[in-house]
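Data from input_5.cif: mmCIF, C-alpha atoms
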data_structure
#
loop_
_atom_site.group_PDB
_atom_site.id
_atom_site.type_symbol
_atom_site.label_atom_id
_atom_site.label_comp_id
_atom_site.auth_asym_id
_atom_site.auth_seq_id
_atom_site.Cartn_x
_atom_site.Cartn_y
_atom_site.Cartn_z
ATOM 1 C CA LEU Y 1 0.000 0.000 0.000
ATOM 2 C CA HIS Y 2 2.848 2.387 0.783
ATOM 3 C CA ARG Y 3 4.426 1.817 -2.619
ATOM 4 C CA VAL Y 4 1.168 2.122 -4.549
ATOM 5 C CA ALA Y 5 0.291 5.279 -2.624
ATOM 6 C CA ARG Y 6 3.629 6.779 -3.555
ATOM 7 C CA ILE Y 7 3.974 5.549 -7.139
ATOM 8 C CA ALA Y 8 0.455 5.771 -8.548
ATOM 9 C CA PRO Y 9 -0.678 9.411 -8.084
ATOM 10 C CA VAL Y 10 2.302 11.138 -9.726
ATOM 11 C CA ASN Y 11 2.489 8.529 -12.464
ATOM 12 C CA VAL Y 12 -1.232 8.850 -13.273
ATOM 13 C CA VAL Y 13 -1.111 12.659 -13.351
ATOM 14 C CA LEU Y 14 2.047 12.938 -15.459
ATOM 15 C CA THR Y 15 1.096 10.099 -17.802
ATOM 16 C CA THR Y 16 -2.373 11.544 -18.397
ATOM 17 C CA ALA Y 17 -0.885 14.995 -19.004
ATOM 18 C CA THR Y 18 1.599 13.470 -21.441
ATOM 19 C CA PHE Y 19 -1.140 11.796 -23.467
ATOM 20 C CA ILE Y 20 -3.387 14.851 -23.443
ATOM 21 C CA ALA Y 21 -0.504 16.984 -24.722
ATOM 22 C CA GLY Y 22 0.271 14.321 -27.317
ATOM 23 C CA TRP Y 23 -3.343 14.361 -28.484
ATOM 24 C CA PHE Y 24 -3.185 18.076 -29.215
ATOM 25 C CA GLU Y 25 0.117 17.676 -31.037
ATOM 26 C CA ALA Y 26 -1.100 14.815 -33.243
ATOM 27 C CA PRO Y 27 -4.803 13.854 -32.899
ATOM 28 C CA ARG Y 28 -5.487 10.178 -33.462
ATOM 29 C CA VAL Y 29 -8.288 7.616 -33.226
ATOM 30 C CA LEU Y 30 -9.919 8.214 -29.839
ATOM 31 C CA TRP Y 31 -10.343 4.613 -28.730
ATOM 32 C CA LYS Y 32 -6.733 3.768 -29.612
ATOM 33 C CA TRP Y 33 -5.548 6.842 -27.750
ATOM 34 C CA LEU Y 34 -7.593 5.935 -24.681
ATOM 35 C CA GLY Y 35 -6.379 2.341 -24.823
ATOM 36 C CA MET Y 36 -2.741 3.370 -24.969
ATOM 37 C CA CYS Y 37 -3.246 5.835 -22.128
ATOM 38 C CA LEU Y 38 -4.887 3.115 -20.002
ATOM 39 C CA VAL Y 39 -2.054 0.671 -20.738
ATOM 40 C CA ASN Y 40 0.429 3.288 -19.528
ATOM 41 C CA VAL Y 41 -1.494 4.373 -16.437
ATOM 42 C CA THR Y 42 -1.957 0.766 -15.285
ATOM 43 C CA LEU Y 43 1.762 0.026 -15.951
ATOM 44 C CA LEU Y 44 0.867 -2.832 -18.294
ATOM 45 C CA LYS Y 45 2.947 -1.212 -21.030
ATOM 46 C CA GLY Y 46 6.126 -2.726 -19.589
ATOM 47 C CA LEU Y 47 4.972 -6.214 -20.602
ATOM 48 C CA THR Y 48 5.131 -5.602 -24.361
ATOM 49 C CA GLU Y 49 8.174 -4.623 -26.375
ATOM 50 C CA ASP Y 50 6.300 -2.408 -28.814
ATOM 51 C CA ARG Y 51 4.702 -0.319 -26.045
ATOM 52 C CA TYR Y 52 7.092 -0.272 -23.098
ATOM 53 C CA LEU Y 53 8.721 3.026 -24.121
ATOM 54 C CA THR Y 54 5.465 4.844 -24.919
ATOM 55 C CA GLY Y 55 4.169 7.690 -22.775
ATOM 56 C CA ILE Y 56 6.798 8.432 -20.133
ATOM 57 C CA GLY Y 57 9.603 6.223 -21.437
ATOM 58 C CA PRO Y 58 11.505 5.412 -18.208
ATOM 59 C CA ALA Y 59 8.279 4.387 -16.441
ATOM 60 C CA TRP Y 60 8.601 0.918 -17.999
ATOM 61 C CA SER Y 61 10.718 -0.038 -14.990
ATOM 62 C CA LEU Y 62 7.727 0.562 -12.692
ATOM 63 C CA THR Y 63 6.159 -2.523 -14.277
ATOM 64 C CA VAL Y 64 9.211 -4.508 -13.180
ATOM 65 C CA GLU Y 65 8.957 -3.077 -9.676
ATOM 66 C CA GLU Y 66 5.271 -3.896 -9.360
ATOM 67 C CA GLY Y 67 6.037 -7.392 -10.624
ATOM 68 C CA PHE Y 68 8.369 -7.899 -7.695
ATOM 69 C CA TYR Y 69 5.735 -6.744 -5.210
ATOM 70 C CA LEU Y 70 3.361 -9.339 -6.649
ATOM 71 C CA LEU Y 71 6.052 -12.004 -6.270
ATOM 72 C CA ALA Y 72 7.195 -10.855 -2.813
ATOM 73 C CA PRO Y 73 4.993 -13.293 -0.829
ATOM 74 C CA LEU Y 74 6.435 -16.188 -2.832
ATOM 75 C CA VAL Y 75 9.989 -14.838 -2.582
ATOM 76 C CA PHE Y 76 9.984 -14.409 1.175
ATOM 77 C CA GLY Y 77 7.828 -17.462 1.834
ATOM 78 C CA LEU Y 78 10.382 -19.663 0.089
ATOM 79 C CA GLY Y 79 13.186 -17.788 1.824
ATOM 80 C CA TRP Y 80 11.751 -18.465 5.259
ATOM 81 C CA ARG Y 81 10.912 -22.085 4.430
ATOM 82 C CA PHE Y 82 14.081 -23.217 2.656
ATOM 83 C CA GLY Y 83 16.581 -20.389 3.135
ATOM 84 C CA PRO Y 84 17.520 -17.765 0.560
ATOM 85 C CA ARG Y 85 20.731 -19.490 -0.558
ATOM 86 C CA ARG Y 86 18.819 -22.593 -1.559
ATOM 87 C CA ALA Y 87 15.505 -21.175 -2.734
ATOM 88 C CA TRP Y 88 16.192 -17.885 -4.459
ATOM 89 C CA PRO Y 89 18.624 -18.964 -7.211
ATOM 90 C CA LEU Y 90 16.195 -21.712 -8.217
ATOM 91 C CA LEU Y 91 13.312 -19.247 -8.075
ATOM 92 C CA ALA Y 92 15.159 -16.811 -10.350
ATOM 93 C CA LEU Y 93 15.807 -19.580 -12.880
ATOM 94 C CA ALA Y 94 12.194 -20.781 -12.685
ATOM 95 C CA VAL Y 95 10.756 -17.282 -13.184
ATOM 96 C CA ALA Y 96 13.143 -16.596 -16.074
ATOM 97 C CA GLY Y 97 12.216 -19.915 -17.676
ATOM 98 C CA LEU Y 98 8.517 -19.169 -17.232
ATOM 99 C CA GLY Y 99 8.891 -15.763 -18.846
ATOM 100 C CA LEU Y 100 10.904 -17.068 -21.771
ATOM 101 C CA GLY Y 101 8.349 -19.819 -22.291
ATOM 102 C CA VAL Y 102 5.361 -17.457 -22.243
ATOM 103 C CA TYR Y 103 6.981 -14.986 -24.635
ATOM 104 C CA ALA Y 104 8.053 -17.836 -26.926
ATOM 105 C CA LEU Y 105 4.412 -18.892 -27.154
ATOM 106 C CA LEU Y 106 3.322 -15.265 -27.630
ATOM 107 C CA PRO Y 107 6.109 -13.780 -29.768
ATOM 108 C CA ALA Y 108 4.083 -10.642 -30.464
ATOM 109 C CA LEU Y 109 4.756 -9.561 -26.869
ATOM 110 C CA GLY Y 110 8.518 -9.339 -27.359
ATOM 111 C CA THR Y 111 11.811 -11.093 -27.962
ATOM 112 C CA TYR Y 112 13.772 -13.166 -25.483
ATOM 113 C CA MET Y 113 16.207 -10.266 -25.026
ATOM 114 C CA PHE Y 114 13.287 -8.042 -24.075
ATOM 115 C CA VAL Y 115 12.232 -10.600 -21.457
ATOM 116 C CA LEU Y 116 15.702 -10.602 -19.909
ATOM 117 C CA LYS Y 117 16.438 -6.885 -20.044
ATOM 118 C CA ALA Y 118 13.056 -5.254 -19.357
ATOM 119 C CA THR Y 119 10.679 -7.585 -17.484
ATOM 120 C CA ILE Y 120 10.504 -9.006 -13.987
ATOM 121 C CA PHE Y 121 11.152 -12.444 -15.484
ATOM 122 C CA GLY Y 122 14.717 -11.447 -16.298
ATOM 123 C CA ARG Y 123 15.324 -8.800 -13.648
ATOM 124 C CA LEU Y 124 14.054 -10.605 -10.566
ATOM 125 C CA THR Y 125 17.720 -11.262 -9.791
ATOM 126 C CA GLU Y 126 18.254 -7.583 -8.947
ATOM 127 C CA PHE Y 127 15.555 -7.651 -6.268
ATOM 128 C CA LEU Y 128 16.756 -10.984 -4.899
ATOM 129 C CA VAL Y 129 20.310 -9.708 -4.560
ATOM 130 C CA GLY Y 130 19.057 -6.615 -2.738
ATOM 131 C CA ALA Y 131 16.838 -8.693 -0.473
ATOM 132 C CA GLY Y 132 19.765 -11.040 0.140
ATOM 133 C CA PHE Y 133 21.965 -8.222 1.393
ATOM 134 C CA ALA Y 134 19.224 -7.065 3.769
ATOM 135 C CA TRP Y 135 18.591 -10.641 4.937
ATOM 136 C CA PHE Y 136 22.151 -11.702 5.667
ATOM 137 C CA PHE Y 137 23.479 -8.405 6.988
ATOM 138 C CA PHE Y 138 20.533 -7.358 9.130
ATOM 139 C CA ARG Y 139 17.889 -10.033 9.620
ATOM 140 C CA GLU Y 140 20.288 -12.755 10.770
ATOM 141 C CA ASN Y 141 22.102 -10.340 13.091
ATOM 142 C CA PRO Y 142 19.472 -7.838 14.237
ATOM 143 C CA GLY Y 143 20.835 -4.818 16.043
ATOM 144 C CA THR Y 144 24.439 -5.592 15.163
ATOM 145 C CA GLU Y 145 26.746 -4.127 12.584
ATOM 146 C CA PRO Y 146 28.292 -6.328 9.891
ATOM 147 C CA LYS Y 147 31.619 -7.862 10.874
ATOM 148 C CA ARG Y 148 33.252 -6.707 7.668
ATOM 149 C CA ARG Y 149 34.590 -3.160 7.392
ATOM 150 C CA HIS Y 150 35.235 -0.666 4.584
ATOM 151 C CA LEU Y 151 32.111 -1.850 2.776
ATOM 152 C CA THR Y 152 31.489 1.631 1.392
ATOM 153 C CA LEU Y 153 34.933 1.633 -0.191
ATOM 154 C CA TRP Y 154 34.644 -1.882 -1.580
ATOM 155 C CA GLY Y 155 31.125 -1.209 -2.801
ATOM 156 C CA SER Y 156 32.240 1.974 -4.565
ATOM 157 C CA LEU Y 157 35.113 0.153 -6.258
ATOM 158 C CA ALA Y 158 32.851 -2.726 -7.277
ATOM 159 C CA LEU Y 159 30.260 -0.330 -8.633
ATOM 160 C CA GLY Y 160 32.935 1.485 -10.666
ATOM 161 C CA LEU Y 161 34.169 -1.820 -12.107
ATOM 162 C CA ALA Y 162 30.625 -2.942 -12.956
ATOM 163 C CA VAL Y 163 29.859 0.319 -14.752
ATOM 164 C CA ALA Y 164 33.210 0.147 -16.565
ATOM 165 C CA GLY Y 165 32.342 -3.381 -17.671
ATOM 166 C CA LEU Y 166 29.032 -2.172 -19.079
ATOM 167 C CA VAL Y 167 30.832 0.611 -20.961
ATOM 168 C CA ILE Y 168 33.299 -1.902 -22.431
ATOM 169 C CA ILE Y 169 30.463 -4.207 -23.484
ATOM 170 C CA HIS Y 170 28.637 -1.219 -24.968
ATOM 171 C CA HIS Y 171 31.585 -0.265 -27.171
ATOM 172 C CA ALA Y 172 32.429 -3.857 -28.074
ATOM 173 C CA ALA Y 173 28.848 -4.521 -29.182
ATOM 174 C CA GLY Y 174 28.701 -1.326 -31.233
ATOM 175 C CA VAL Y 175 25.112 -0.674 -30.177
ATOM 176 C CA GLY Y 176 23.346 2.151 -28.395
ATOM 177 C CA VAL Y 177 22.825 0.370 -25.069
ATOM 178 C CA SER Y 178 24.956 -2.419 -23.617
ATOM 179 C CA ILE Y 179 22.006 -4.360 -22.182
ATOM 180 C CA VAL Y 180 20.665 -5.236 -25.615
ATOM 181 C CA VAL Y 181 23.324 -7.954 -25.815
ATOM 182 C CA LEU Y 182 23.483 -10.979 -23.500
ATOM 183 C CA PRO Y 183 26.810 -10.128 -21.751
ATOM 184 C CA GLY Y 184 25.420 -6.687 -20.978
ATOM 185 C CA VAL Y 185 22.215 -8.173 -19.570
ATOM 186 C CA LEU Y 186 24.189 -10.509 -17.299
ATOM 187 C CA ALA Y 187 26.429 -7.682 -16.079
ATOM 188 C CA ASN Y 188 23.454 -5.397 -15.514
ATOM 189 C CA ASN Y 189 21.206 -7.969 -13.820
ATOM 190 C CA LEU Y 190 23.841 -9.752 -11.717
ATOM 191 C CA LEU Y 191 27.104 -7.824 -11.234
ATOM 192 C CA LEU Y 192 25.662 -4.323 -10.877
ATOM 193 C CA PRO Y 193 23.167 -5.322 -8.113
ATOM 194 C CA TRP Y 194 25.939 -6.988 -6.089
ATOM 195 C CA ALA Y 195 28.072 -3.866 -6.274
ATOM 196 C CA THR Y 196 25.130 -1.615 -5.441
ATOM 197 C CA GLY Y 197 24.044 -3.809 -2.526
ATOM 198 C CA LEU Y 198 27.528 -3.789 -1.047
ATOM 199 C CA LEU Y 199 27.670 0.000 -1.292
ATOM 200 C CA LEU Y 200 24.230 0.443 0.274
ATOM 201 C CA VAL Y 201 25.091 -1.791 3.230
ATOM 202 C CA GLY Y 202 28.253 0.254 3.729
ATOM 203 C CA LEU Y 203 26.284 3.503 3.651
ATOM 204 C CA ALA Y 204 23.769 2.084 6.125
ATOM 205 C CA THR Y 205 26.346 0.840 8.640
ATOM 206 C CA GLU Y 206 29.452 3.040 8.303
ATOM 207 C CA THR Y 207 30.077 6.722 8.908
ATOM 208 C CA THR Y 208 32.162 8.022 6.023
ATOM 209 C CA TRP Y 209 32.524 11.280 4.126
ATOM 210 C CA LEU Y 210 30.151 9.836 1.501
ATOM 211 C CA SER Y 211 27.454 8.920 4.019
ATOM 212 C CA ARG Y 212 27.756 12.354 5.654
ATOM 213 C CA ALA Y 213 27.504 14.073 2.260
ATOM 214 C CA LEU Y 214 24.452 12.035 1.235
ATOM 215 C CA GLY Y 215 22.905 12.712 4.637
ATOM 216 C CA ALA Y 216 23.082 16.480 4.167
ATOM 217 C CA ALA Y 217 19.708 18.242 4.027
ATOM 218 C CA PRO Y 218 19.920 19.386 0.358
ATOM 219 C CA LEU Y 219 20.717 15.886 -0.894
ATOM 220 C CA GLN Y 220 18.047 14.389 1.351
ATOM 221 C CA MET Y 221 15.544 16.710 -0.320
ATOM 222 C CA LEU Y 222 16.770 15.657 -3.766
ATOM 223 C CA GLY Y 223 16.431 12.048 -2.666
ATOM 224 C CA ARG Y 224 12.799 12.555 -1.673
ATOM 225 C CA ALA Y 225 12.098 14.191 -5.027
ATOM 226 C CA SER Y 226 14.040 11.593 -7.017
ATOM 227 C CA TYR Y 227 10.935 9.635 -8.068
ATOM 228 C CA CYS Y 228 9.396 12.785 -9.571
ATOM 229 C CA PHE Y 229 12.717 13.529 -11.257
ATOM 230 C CA TYR Y 230 12.818 9.987 -12.648
ATOM 231 C CA LEU Y 231 9.434 10.567 -14.316
ATOM 232 C CA LEU Y 232 10.300 14.079 -15.508
ATOM 233 C CA HIS Y 233 13.839 13.827 -16.848
ATOM 234 C CA MET Y 234 12.737 12.404 -20.223
ATOM 235 C CA SER Y 235 9.209 13.806 -20.227
ATOM 236 C CA LEU Y 236 7.331 16.606 -21.945
ATOM 237 C CA VAL Y 237 8.738 19.079 -19.412
ATOM 238 C CA ALA Y 238 12.270 18.358 -20.605
ATOM 239 C CA GLN Y 239 11.147 18.486 -24.232
ATOM 240 C CA TRP Y 240 9.502 21.877 -23.707
ATOM 241 C CA LEU Y 241 12.478 23.380 -21.876
ATOM 242 C CA ARG Y 242 15.219 22.122 -24.184
ATOM 243 C CA PRO Y 243 14.316 24.245 -27.286
ATOM 244 C CA TRP Y 244 14.454 27.399 -25.151
ATOM 245 C CA LEU Y 245 17.812 26.570 -23.577
ATOM 246 C CA VAL Y 246 19.872 24.922 -26.318
ATOM 247 C CA PRO Y 247 19.923 27.844 -28.837
ATOM 248 C CA ALA Y 248 20.623 30.431 -26.131
ATOM 249 C CA LEU Y 249 23.350 28.685 -24.122
ATOM 250 C CA ALA Y 250 26.476 26.635 -24.716
ATOM 251 C CA PRO Y 251 25.714 22.879 -24.613
ATOM 252 C CA PRO Y 252 27.281 22.166 -21.178
ATOM 253 C CA VAL Y 253 25.619 25.214 -19.635
ATOM 254 C CA ALA Y 254 22.261 24.343 -21.223
ATOM 255 C CA ALA Y 255 22.507 20.819 -19.813
ATOM 256 C CA LEU Y 256 23.257 22.110 -16.304
ATOM 257 C CA VAL Y 257 20.448 24.674 -16.430
ATOM 258 C CA LEU Y 258 18.025 22.028 -17.696
ATOM 259 C CA LEU Y 259 19.119 19.703 -14.889
ATOM 260 C CA ALA Y 260 18.587 22.419 -12.284
ATOM 261 C CA LEU Y 261 15.154 23.352 -13.655
ATOM 262 C CA LEU Y 262 14.035 19.723 -13.735
ATOM 263 C CA TRP Y 263 15.122 19.301 -10.114
ATOM 264 C CA LEU Y 264 13.177 22.419 -9.103
ATOM 265 C CA VAL Y 265 10.049 21.129 -10.838
ATOM 266 C CA SER Y 266 10.577 17.709 -9.221
ATOM 267 C CA ILE Y 267 10.878 19.207 -5.746
ATOM 268 C CA GLY Y 268 7.718 21.242 -6.290
ATOM 269 C CA LEU Y 269 5.890 18.154 -7.571
ATOM 270 C CA TYR Y 270 7.018 16.132 -4.549
ATOM 271 C CA TYR Y 271 5.798 18.653 -1.974
ATOM 272 C CA GLY Y 272 2.734 19.702 -3.965
ATOM 273 C CA LEU Y 273 1.457 16.288 -5.133
ATOM 274 C CA GLU Y 274 3.424 13.195 -4.174
ATOM 275 C CA LYS Y 275 3.781 13.763 -0.427
ATOM 276 C CA PRO Y 276 0.234 14.983 0.330
ATOM 277 C CA THR Y 277 -1.485 12.339 -1.822
ATOM 278 C CA HIS Y 278 0.735 9.626 -0.343
ATOM 279 C CA ARG Y 279 -0.266 10.654 3.173
ATOM 280 C CA TRP Y 280 -3.948 11.076 2.262
ATOM 281 C CA LEU Y 281 -4.220 7.644 0.631
ATOM 282 C CA LEU Y 282 -2.529 5.896 3.549
ATOM 283 C CA GLN Y 283 -4.844 7.626 6.035
ATOM 284 C CA ARG Y 284 -7.901 6.603 4.033
ATOM 285 C CA TRP Y 285 -6.733 2.987 3.788
ATOM 286 C CA GLN Y 286 -5.958 2.943 7.495
ATOM 287 C CA ARG Y 287 -9.471 4.142 8.325
ATOM 288 C CA THR Y 288 -10.940 1.601 5.901
ATOM 289 C CA ARG Y 289 -9.001 -1.244 7.541
ATOM 290 C CA SER Y 290 -9.804 -0.161 11.085
ATOM 291 C CA ALA Y 291 -13.547 0.409 10.484
ATOM 292 C CA PRO Y 292 -14.525 -3.330 10.449
ATOM 293 C CA VAL Y 293 -12.534 -3.900 13.627
ATOM 294 C CA ALA Y 294 -14.290 -0.996 15.372
ATOM 295 C CA ALA Y 295 -17.699 -2.201 14.172
ATOM 296 C CA HIS Y 296 -17.002 -5.716 15.420
ATOM 297 C CA ALA Y 297 -15.882 -4.403 18.817
#

As structure tokens, the full file:
Amino acid sequence: LHRVARIAPVNVVLTTATFIAGWFEAPRVLWKWLGMCLVNVTLLKGLTEDRYLTGIGPAWSLTVEEGFYLLAPLVFGLGWRFGPRRAWPLLALAVAGLGLGVYALLPALGTYMFVLKATIFGRLTEFLVGAGFAWFFFRENPGTEPKRRHLTLWGSLALGLAVAGLVIIHHAAGVGVSIVVLPGVLANNLLLPWATGLLLVGLATETTWLSRALGAAPLQMLGRASYCFYLLHMSLVAQWLRPWLVPALAPPVAALVLLALLWLVSIGLYYGLEKPTHRWLLQRWQRTRSAPVAAHA
């Protein structure tokens, strides 16, 4: 409920605004336009290769995230019953096999590379690695710090190496994005989450210059607004601002000004829409859940 209350309102508002603006730019058949808008608002677009970049392009990853929430009871149930080391690798293989099988039977939905790079069937590994770090570092030793030290440093180095590997794969493949080839998918879905998880555990358990910097009030505010920024950075707002900035400013300056303006809009959207609607929805759901209990009492 917390995640839906945070994700849905901003996504619905910005997606609807995007499609309304698109209608005025290029009117099309109404029922097709409504259908595409509905597919985007409900996050179903991330299940098909020909639609997953429509509307707000980056929002395809929300479909992956919601897929994990649907699988979470199975993930943690198997973890508690058999242990993560034994259950989760097999679960990742089973889910990947299921996805590849379904998309092989329904090829119109997408290719096998699409399954691995852009759906929960291929990217469940990222969530399992993150959950594994939380499980083994915190759940098995509640209230204690990890025995290992310098995790922030090792995580930063590992993250740098993982990103460098993706860059090398990108250039070797000669394509626009490294994760459209199998080595890139494996590096992105397996190596990058390990490096990120190690860094996050270090930030959560060690006091370093990096943790102090990220804990500063301005960066905390940017962190709260990061979801709005994620939806805005390749949206109509960026498209509207860019033609005004690029002719008037040098390219690096235009990029920095655009970045600053997008952050300002994101902060305003967080405090004006995301935060209040998040709180309002949770309060309503809490009253709805408590009402039957009060009536029974």

Picked residues, the PyMOL selection byres ((chain Y and resi 76-80) around 12), expected as a PyMOL selection string: chain Y and resi 68-75+81-92+127-128+131-132+135-136+139-140

Selection: 12 Å around Gly202 (chain Y), only C-alpha atoms, excl. self and same-chain fewer than 2 positions, as JSON, numbers by chain: {"Y": [133, 134, 137, 145, 146, 147, 148, 149, 150, 151, 152, 153, 154, 155, 156, 195, 196, 197, 198, 199, 200, 204, 205, 206, 207, 208, 209, 210, 211]}

Explicit residue set for the PyMOL selection byres ((chain Y and resi 7-19) around 8), as a ChimeraX atom specification: /Y:3-6,20-23,33,37,40-41,55-56,228,231,235-236,273-274,277-278

All residues 12 Å or closer to Ala238 (chain Y), only C-alpha atoms, same chain fewer than 2 positions away omitted, as JSON, numbers by chain: {"Y": [18, 56, 229, 230, 231, 232, 233, 234, 235, 236, 240, 241, 242, 243, 244, 245, 246, 254, 255, 257, 258, 259, 260, 261, 262, 263, 265, 266]}

d(CA of Glu66 (chain Y), CA of Ile267 (chain Y)) in Å: 24.0 Å

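Proximity ranking of Y:Arg224, Y:Lys117, Y:Arg123, Y:Arg287 relative to Gly184 (chain Y) places Y:Lys117 first, based on all atoms listed in the file.
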
One-decimal distance in Å that lies between CA of Glu126 (chain Y) and CA of Leu109 (chain Y): 22.5 Å

Length of the CA of Thr63 (chain Y) to CA of Leu192 (chain Y) vector [Å]: 19.9 Å

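By chain and then residue number, the residues within 9 Å of Gly46 (chain Y) are Y:Val39, Y:Asn40, Y:Leu43, Y:Glu49, Y:Arg51, Y:Tyr52, Y:Leu53, Y:Ala59, Y:Trp60, Y:Ser61, Y:Leu62, Y:Thr63, Y:Val64, Y:Ala118, Y:Thr119, counting only C-alpha atoms and disregarding those fewer than 3 positions away in sequence.
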
Nearest-residue call for Leu159 (chain Y), choices Y:Glu65, Y:Pro252, Y:Ala187, Y:Val180, using only C-alpha atoms: Y:Ala187
